[in-house]
>>> print(open('data.cif').read())   # mmCIF, C-alpha atoms
data_structure
#
loop_
_atom_site.label_atom_id
_atom_site.label_comp_id
_atom_site.auth_asym_id
_atom_site.auth_seq_id
_atom_site.Cartn_x
_atom_site.Cartn_y
_atom_site.Cartn_z
CA LYS K 1 0.00 0.00 0.00
CA ASN K 2 1.27 3.47 -0.89
CA GLU K 3 1.61 5.40 2.36
CA VAL K 4 3.30 8.56 3.56
CA GLU K 5 3.92 9.20 7.26
CA GLN K 6 5.03 12.47 8.76
CA SER K 7 6.37 13.41 12.16
CA PRO K 8 5.85 15.26 14.33
CA GLN K 9 2.20 16.23 13.84
CA ASN K 10 2.70 19.45 15.77
CA LEU K 11 5.88 21.38 16.46
CA THR K 12 6.32 24.57 18.45
CA ALA K 13 9.67 26.32 18.62
CA GLN K 14 11.25 29.65 19.42
CA GLU K 15 12.40 32.06 16.76
CA GLY K 16 15.90 31.20 15.59
CA GLU K 17 15.72 27.48 16.28
CA PHE K 18 16.70 24.85 13.73
CA ILE K 19 13.62 22.90 12.64
CA THR K 20 13.40 19.35 11.29
CA ILE K 21 10.30 17.67 9.95
CA ASN K 22 10.47 14.02 8.94
CA CYS K 23 8.70 12.00 6.28
CA SER K 24 8.81 8.29 5.54
CA TYR K 25 7.13 6.36 2.76
CA SER K 26 6.24 2.76 2.18
CA VAL K 27 7.51 1.75 -1.26
CA GLY K 28 9.49 3.12 -4.20
CA ILE K 29 8.72 6.62 -5.32
CA SER K 30 9.34 8.62 -8.47
CA ALA K 31 9.27 11.96 -6.62
CA LEU K 32 8.89 13.39 -3.13
CA HIS K 33 7.30 16.80 -2.60
CA TRP K 34 7.44 19.21 0.30
CA LEU K 35 4.54 21.66 0.41
CA GLN K 36 3.59 24.56 2.64
CA GLN K 37 -0.04 25.29 3.53
CA HIS K 38 -0.88 28.68 4.99
CA PRO K 39 -3.78 29.35 7.40
CA GLY K 40 -6.05 30.39 4.54
CA GLY K 41 -5.59 26.96 3.00
CA GLY K 42 -3.55 27.79 -0.08
CA ILE K 43 -0.68 25.42 -0.84
CA VAL K 44 2.73 26.31 -2.20
CA SER K 45 5.20 23.79 -3.55
CA LEU K 46 8.55 24.13 -1.77
CA PHE K 47 10.58 21.27 -3.19
CA MET K 48 10.33 18.31 -5.48
CA LEU K 49 13.16 15.82 -5.20
CA SER K 50 13.98 12.27 -6.15
CA SER K 51 17.50 12.07 -4.71
CA GLY K 52 20.05 14.00 -2.70
CA LYS K 53 19.44 17.44 -1.32
CA LYS K 54 17.94 20.76 -2.35
CA LYS K 55 18.25 24.17 -0.75
CA HIS K 56 16.21 27.34 -1.15
CA GLY K 57 17.00 30.18 1.19
CA ARG K 58 16.63 28.91 4.76
CA LEU K 59 14.89 25.73 3.66
CA ILE K 60 16.71 22.47 2.99
CA ALA K 61 15.16 19.20 1.83
CA THR K 62 16.97 15.88 1.83
CA ILE K 63 15.98 12.40 0.77
CA ASN K 64 17.48 8.97 1.43
CA ILE K 65 16.11 6.57 -1.14
CA GLN K 66 17.49 3.44 0.56
CA GLU K 67 15.87 4.34 3.88
CA LYS K 68 12.69 5.67 2.24
CA HIS K 69 12.98 8.82 4.29
CA SER K 70 13.02 12.57 3.67
CA SER K 71 13.55 15.56 5.93
CA LEU K 72 12.71 19.23 5.67
CA HIS K 73 14.95 21.58 7.63
CA ILE K 74 14.43 25.23 8.40
CA THR K 75 17.41 27.21 9.61
CA ALA K 76 17.08 30.38 11.71
CA SER K 77 13.32 29.88 11.97
CA HIS K 78 11.04 32.92 11.98
CA PRO K 79 7.40 33.42 13.01
CA ARG K 80 6.48 33.83 9.34
CA ASP K 81 7.54 30.20 8.85
CA SER K 82 4.50 29.17 10.89
CA ALA K 83 2.36 27.00 8.62
CA VAL K 84 1.46 23.40 7.94
CA TYR K 85 4.19 21.53 6.10
CA ILE K 86 3.11 18.58 4.04
CA CYS K 87 5.12 15.75 2.58
CA ALA K 88 3.67 14.07 -0.49
CA ALA K 89 4.90 11.30 -2.74
CA THR K 90 4.35 10.11 -6.25
CA PHE K 91 4.76 6.35 -6.22
CA GLN K 92 6.36 4.54 -9.14
CA GLY K 93 3.83 3.67 -11.80
CA ALA K 94 1.12 5.86 -10.26
CA GLN K 95 -0.46 9.05 -11.58
CA LYS K 96 -1.39 10.61 -8.26
CA LEU K 97 0.15 12.30 -5.26
CA VAL K 98 -0.27 10.71 -1.83
CA PHE K 99 -0.14 13.20 1.04
CA GLY K 100 1.13 12.86 4.57
CA GLN K 101 -1.04 14.20 7.38
CA GLY K 102 1.03 17.38 7.66
CA THR K 103 3.07 18.98 10.42
CA ARG K 104 1.70 22.11 12.05
CA LEU K 105 4.68 24.35 12.81
CA THR K 106 4.39 27.33 15.13
CA ILE K 107 7.37 29.63 15.62
CA ASN K 108 7.05 31.94 18.59
CA PRO K 109 8.86 35.29 18.67
CA SER Y 1 4.65 28.81 -15.63
CA GLN Y 2 1.56 26.86 -14.78
CA THR Y 3 -1.29 28.51 -12.88
CA ILE Y 4 -4.39 26.95 -11.37
CA HIS Y 5 -7.53 29.05 -10.96
CA GLN Y 6 -10.24 27.74 -8.69
CA TRP Y 7 -13.60 29.19 -7.70
CA PRO Y 8 -15.60 30.02 -5.76
CA ALA Y 9 -13.25 30.61 -2.84
CA THR Y 10 -15.97 30.36 -0.21
CA LEU Y 11 -19.36 28.74 -0.38
CA VAL Y 12 -22.16 28.24 2.15
CA GLN Y 13 -24.86 25.87 0.96
CA PRO Y 14 -27.90 24.20 2.54
CA VAL Y 15 -28.15 20.44 2.81
CA GLY Y 16 -29.68 18.99 -0.34
CA SER Y 17 -28.58 21.78 -2.63
CA PRO Y 18 -26.33 21.21 -5.67
CA LEU Y 19 -22.64 22.04 -5.88
CA SER Y 20 -20.31 23.07 -8.66
CA LEU Y 21 -16.65 23.92 -8.10
CA GLU Y 22 -14.57 24.82 -11.10
CA CYS Y 23 -10.86 24.64 -11.76
CA THR Y 24 -9.01 25.88 -14.83
CA VAL Y 25 -5.38 25.60 -15.76
CA GLU Y 26 -3.09 28.00 -17.61
CA GLY Y 27 0.41 27.53 -18.92
CA THR Y 28 0.39 23.87 -19.83
CA SER Y 29 -1.37 21.34 -22.04
CA ASN Y 30 -2.78 17.93 -21.16
CA PRO Y 31 -2.05 18.15 -17.45
CA ASN Y 32 -3.13 15.58 -14.90
CA LEU Y 33 -5.81 17.24 -12.76
CA TYR Y 34 -6.81 16.39 -9.21
CA TRP Y 35 -9.52 17.23 -6.69
CA TYR Y 36 -8.57 16.86 -3.04
CA ARG Y 37 -10.63 17.44 0.09
CA GLN Y 38 -9.38 18.40 3.51
CA ALA Y 39 -11.75 17.99 6.43
CA ALA Y 40 -11.12 20.17 9.49
CA GLY Y 41 -7.89 19.13 11.20
CA ARG Y 42 -7.23 16.36 8.72
CA GLY Y 43 -4.87 15.70 5.82
CA LEU Y 44 -5.61 15.98 2.11
CA GLN Y 45 -7.68 13.16 0.66
CA LEU Y 46 -7.71 12.49 -3.07
CA LEU Y 47 -11.26 12.48 -4.45
CA PHE Y 48 -10.83 12.34 -8.23
CA TYR Y 49 -8.11 12.60 -10.80
CA SER Y 50 -8.07 12.91 -14.57
CA VAL Y 51 -5.33 12.19 -17.07
CA GLY Y 52 -7.27 13.57 -20.04
CA ILE Y 53 -10.54 14.93 -21.40
CA GLY Y 54 -13.48 12.80 -20.29
CA GLN Y 55 -11.23 10.50 -18.22
CA ILE Y 56 -12.11 10.47 -14.53
CA SER Y 57 -10.83 8.16 -11.82
CA SER Y 58 -12.68 8.10 -8.52
CA GLU Y 59 -10.74 7.33 -5.37
CA VAL Y 60 -13.45 7.40 -2.74
CA PRO Y 61 -17.13 6.40 -3.12
CA GLN Y 62 -19.16 9.43 -2.14
CA ASN Y 63 -21.78 11.99 -2.91
CA LEU Y 64 -19.59 13.83 -5.41
CA SER Y 65 -18.73 13.54 -9.09
CA ALA Y 66 -16.14 15.11 -11.36
CA SER Y 67 -16.00 15.98 -15.03
CA ARG Y 68 -13.35 17.19 -17.44
CA PRO Y 69 -15.15 18.73 -20.42
CA GLN Y 70 -12.03 20.48 -21.75
CA ASP Y 71 -8.30 19.83 -21.47
CA ARG Y 72 -7.77 22.62 -18.93
CA GLN Y 73 -11.07 22.49 -17.05
CA PHE Y 74 -11.97 20.24 -14.15
CA ILE Y 75 -15.31 20.44 -12.36
CA LEU Y 76 -16.41 18.96 -9.04
CA SER Y 77 -20.15 18.53 -8.60
CA SER Y 78 -22.85 17.21 -6.36
CA LYS Y 79 -26.59 16.91 -6.97
CA LYS Y 80 -27.47 16.99 -3.27
CA LEU Y 81 -25.00 18.12 -0.63
CA LEU Y 82 -24.66 16.37 2.72
CA LEU Y 83 -23.39 17.87 5.97
CA SER Y 84 -20.33 15.64 5.67
CA ASP Y 85 -19.38 17.31 2.39
CA SER Y 86 -18.21 20.37 4.32
CA GLY Y 87 -14.49 20.97 3.99
CA PHE Y 88 -11.72 22.58 2.06
CA TYR Y 89 -11.51 21.51 -1.58
CA LEU Y 90 -8.29 21.87 -3.50
CA CYS Y 91 -7.64 21.54 -7.21
CA ALA Y 92 -4.16 20.56 -8.34
CA GLY Y 93 -2.58 20.00 -11.71
CA GLY Y 94 0.67 19.01 -13.32
CA GLN Y 95 2.62 16.30 -14.99
CA ILE Y 96 3.48 13.28 -12.86
CA PRO Y 97 6.22 12.84 -11.71
CA GLY Y 98 6.82 16.55 -12.21
CA GLU Y 99 5.88 19.44 -10.01
CA LEU Y 100 2.24 19.94 -9.07
CA PHE Y 101 0.56 23.33 -8.92
CA PHE Y 102 -2.34 24.14 -6.64
CA GLY Y 103 -5.36 26.37 -6.73
CA GLU Y 104 -6.19 28.61 -3.79
CA GLY Y 105 -8.87 26.25 -2.56
CA SER Y 106 -12.62 26.45 -1.98
CA ARG Y 107 -14.03 26.36 1.52
CA LEU Y 108 -17.46 24.72 1.55
CA THR Y 109 -19.79 24.87 4.52
CA VAL Y 110 -22.97 22.82 4.32
CA LEU Y 111 -25.64 23.87 6.81
#
>>> encode(input="data.cif", output="structure tokens")
Amino acid sequence: KNEVEQSPQNLTAQEGEFITINCSYSVGISALHWLQQHPGGGIVSLFMLSSGKKKHGRLIATINIQEKHSSLHITASHPRDSAVYICAATFQGAQKLVFGQGTRLTINP
Amino acid sequence: SQTIHQWPATLVQPVGSPLSLECTVEGTSNPNLYWYRQAAGRGLQLLFYSVGIGQISSEVPQNLSASRPQDRQFILSSKKLLLSDSGFYLCAGGQIPGELFFGEGSRLTVL
């Protein structure tokens, strides 16, 4: 069964802290996505990766294909980073994206 | 770049009334299109997806239906809404395994 599991479900941290959100998946994937959902509900794609590591500003996404695991890191976190972060996977041979349950991140000033 | 337009943004409907949510795509041809629903406090659940005009795959048996009358248009409908249809509906599009683009979402409240 194609599954995506995220942890933690909720994360509260102080401004400036280094943040890590984890994602694991059940079987082989063709791509792994990290998405950001703001309180209004709109979703923005942060990263799409199938191997290695990608960086954009203070955000870093890594994936370990052998371990079926990906992480999203936020350096020097800021209150504006507060959002729900969602991991989603496209499984090999499939035409759809399977979403994790999301991680609600709150950064306090 | 690809853009997804979705409307209406907010909708309050009585039980038993019909529903039509529309999604259109700009900037690409023959995209895969998806309708997701997010109940309060829950993750995104795939409802329907389409790989081409007139081709609809249903993921969850329910009170809803979807249609794709044109390459860049995807419609989510219901003949009679239930209370349990309340939620946040999101249209997405793209080429698998490429990047997906998302609409702004439609928040439906059924009273």
>>> closest_residue(input="data.cif", among="Y:Arg42, Y:Ser106, Y:Ser77, Y:Asp71", to="Gln9 of chain K", atoms="only C-alpha atoms")
Y:Arg42
>>> atom_distance(input="data.cif", atom1="atom CA of Ser78 of chain Y", atom2="atom CA of Ala88 of chain K")
27.3 Å
>>> interface_residues(input="data.cif", of="chain Y", to="chain K", cutoff="7 Å", atoms="all atoms listed in the file", output="JSON, numbers by chain")
{"Y": [42, 43, 44, 96, 97, 99, 102, 104, 105]}
>>> closest_residue(input="data.cif", among="K:Ser7, K:Ser26, K:Thr20, K:Gln37", to="Gly103 of chain Y", atoms="all atoms listed in the file")
K:Gln37
>>> resolve_selection(input="data.cif", expression="the PyMOL selection byres ((chain Y and resi 15-24) around 10)", output="number ranges by chain")
Y: 3-9, 11-14, 25-26, 33-35, 64-68, 70-85, 89-93, 102-103, 105-106, 108-111
>>> resolve_selection(input="data.cif", expression="the PyMOL selection byres ((chain K and resi 66-82) around 7)", output="VMD selection string")
chain K and resid 15 to 25 58 to 65 83 105 to 109
>>> atom_distance(input="data.cif", atom1="atom CA of Val84 of chain K", atom2="atom CA of Gly94 of chain Y")
21.7 Å
>>> atom_distance(input="data.cif", atom1="atom CA of Gln45 of chain Y", atom2="atom CA of Phe88 of chain Y")
10.3 Å
>>> closest_residue(input="data.cif", among="Y:Gln2, Y:Asn32, Y:Thr10, Y:Gln95", to="Gln55 of chain Y", atoms="only C-alpha atoms")
Y:Asn32
>>> build_atoms(input="data.cif", residues="segment 52-77 of chain K", atoms="N, CA and C atoms", output="PDB file, in the coordinates of the input")
ATOM      1  N   GLY K  52      19.137  12.980  -3.196  1.00  0.00           N
ATOM      2  CA  GLY K  52      20.050  14.000  -2.700  1.00  0.00           C
ATOM      3  C   GLY K  52      19.424  15.071  -1.845  1.00  0.00           C
ATOM      4  N   LYS K  53      19.734  16.306  -2.190  1.00  0.00           N
ATOM      5  CA  LYS K  53      19.440  17.440  -1.320  1.00  0.00           C
ATOM      6  C   LYS K  53      19.147  18.659  -2.173  1.00  0.00           C
ATOM      7  N   LYS K  54      18.199  19.488  -1.697  1.00  0.00           N
ATOM      8  CA  LYS K  54      17.940  20.760  -2.350  1.00  0.00           C
ATOM      9  C   LYS K  54      17.843  21.853  -1.297  1.00  0.00           C
ATOM     10  N   LYS K  55      18.246  23.051  -1.687  1.00  0.00           N
ATOM     11  CA  LYS K  55      18.250  24.170  -0.750  1.00  0.00           C
ATOM     12  C   LYS K  55      17.630  25.381  -1.430  1.00  0.00           C
ATOM     13  N   HIS K  56      16.783  26.085  -0.666  1.00  0.00           N
ATOM     14  CA  HIS K  56      16.210  27.340  -1.150  1.00  0.00           C
ATOM     15  C   HIS K  56      16.092  28.279   0.025  1.00  0.00           C
ATOM     16  N   GLY K  57      16.993  29.262   0.055  1.00  0.00           N
ATOM     17  CA  GLY K  57      17.000  30.180   1.190  1.00  0.00           C
ATOM     18  C   GLY K  57      17.319  29.450   2.479  1.00  0.00           C
ATOM     19  N   ARG K  58      16.424  29.574   3.458  1.00  0.00           N
ATOM     20  CA  ARG K  58      16.630  28.910   4.760  1.00  0.00           C
ATOM     21  C   ARG K  58      16.060  27.494   4.801  1.00  0.00           C
ATOM     22  N   LEU K  59      15.503  27.051   3.707  1.00  0.00           N
ATOM     23  CA  LEU K  59      14.890  25.730   3.660  1.00  0.00           C
ATOM     24  C   LEU K  59      15.822  24.735   2.958  1.00  0.00           C
ATOM     25  N   ILE K  60      15.899  23.547   3.557  1.00  0.00           N
ATOM     26  CA  ILE K  60      16.710  22.470   2.990  1.00  0.00           C
ATOM     27  C   ILE K  60      15.880  21.196   3.005  1.00  0.00           C
ATOM     28  N   ALA K  61      15.856  20.480   1.887  1.00  0.00           N
ATOM     29  CA  ALA K  61      15.160  19.200   1.830  1.00  0.00           C
ATOM     30  C   ALA K  61      16.156  18.126   1.429  1.00  0.00           C
ATOM     31  N   THR K  62      16.089  17.002   2.138  1.00  0.00           N
ATOM     32  CA  THR K  62      16.970  15.880   1.830  1.00  0.00           C
ATOM     33  C   THR K  62      16.138  14.622   1.661  1.00  0.00           C
ATOM     34  N   ILE K  63      16.661  13.680   0.928  1.00  0.00           N
ATOM     35  CA  ILE K  63      15.980  12.400   0.770  1.00  0.00           C
ATOM     36  C   ILE K  63      16.996  11.280   0.740  1.00  0.00           C
ATOM     37  N   ASN K  64      16.660  10.182   1.429  1.00  0.00           N
ATOM     38  CA  ASN K  64      17.480   8.970   1.430  1.00  0.00           C
ATOM     39  C   ASN K  64      16.633   7.867   0.832  1.00  0.00           C
ATOM     40  N   ILE K  65      16.937   7.532  -0.412  1.00  0.00           N
ATOM     41  CA  ILE K  65      16.110   6.570  -1.140  1.00  0.00           C
ATOM     42  C   ILE K  65      16.161   5.184  -0.486  1.00  0.00           C
ATOM     43  N   GLN K  66      17.350   4.778  -0.034  1.00  0.00           N
ATOM     44  CA  GLN K  66      17.490   3.440   0.560  1.00  0.00           C
ATOM     45  C   GLN K  66      16.653   3.309   1.827  1.00  0.00           C
ATOM     46  N   GLU K  67      16.620   4.378   2.626  1.00  0.00           N
ATOM     47  CA  GLU K  67      15.870   4.340   3.880  1.00  0.00           C
ATOM     48  C   GLU K  67      14.426   4.774   3.714  1.00  0.00           C
ATOM     49  N   LYS K  68      14.052   5.209   2.512  1.00  0.00           N
ATOM     50  CA  LYS K  68      12.690   5.670   2.240  1.00  0.00           C
ATOM     51  C   LYS K  68      12.315   6.784   3.230  1.00  0.00           C
ATOM     52  N   HIS K  69      13.153   7.776   3.297  1.00  0.00           N
ATOM     53  CA  HIS K  69      12.980   8.820   4.290  1.00  0.00           C
ATOM     54  C   HIS K  69      13.429  10.170   3.718  1.00  0.00           C
ATOM     55  N   SER K  70      12.671  11.207   4.067  1.00  0.00           N
ATOM     56  CA  SER K  70      13.020  12.570   3.670  1.00  0.00           C
ATOM     57  C   SER K  70      12.874  13.493   4.861  1.00  0.00           C
ATOM     58  N   SER K  71      13.654  14.549   4.877  1.00  0.00           N
ATOM     59  CA  SER K  71      13.550  15.560   5.930  1.00  0.00           C
ATOM     60  C   SER K  71      13.486  16.943   5.316  1.00  0.00           C
ATOM     61  N   LEU K  72      12.731  17.803   6.009  1.00  0.00           N
ATOM     62  CA  LEU K  72      12.710  19.230   5.670  1.00  0.00           C
ATOM     63  C   LEU K  72      13.302  19.971   6.848  1.00  0.00           C
ATOM     64  N   HIS K  73      14.294  20.792   6.577  1.00  0.00           N
ATOM     65  CA  HIS K  73      14.950  21.580   7.630  1.00  0.00           C
ATOM     66  C   HIS K  73      14.703  23.062   7.378  1.00  0.00           C
ATOM     67  N   ILE K  74      14.526  23.777   8.471  1.00  0.00           N
ATOM     68  CA  ILE K  74      14.430  25.230   8.400  1.00  0.00           C
ATOM     69  C   ILE K  74      15.496  25.801   9.335  1.00  0.00           C
ATOM     70  N   THR K  75      16.387  26.582   8.776  1.00  0.00           N
ATOM     71  CA  THR K  75      17.410  27.210   9.610  1.00  0.00           C
ATOM     72  C   THR K  75      16.966  28.613  10.015  1.00  0.00           C
ATOM     73  N   ALA K  76      17.415  29.042  11.200  1.00  0.00           N
ATOM     74  CA  ALA K  76      17.080  30.380  11.710  1.00  0.00           C
ATOM     75  C   ALA K  76      15.589  30.651  11.560  1.00  0.00           C
ATOM     76  N   SER K  77      14.771  29.807  12.150  1.00  0.00           N
ATOM     77  CA  SER K  77      13.320  29.880  11.970  1.00  0.00           C
ATOM     78  C   SER K  77      12.765  31.245  12.414  1.00  0.00           C
TER      79      SER K  77
END
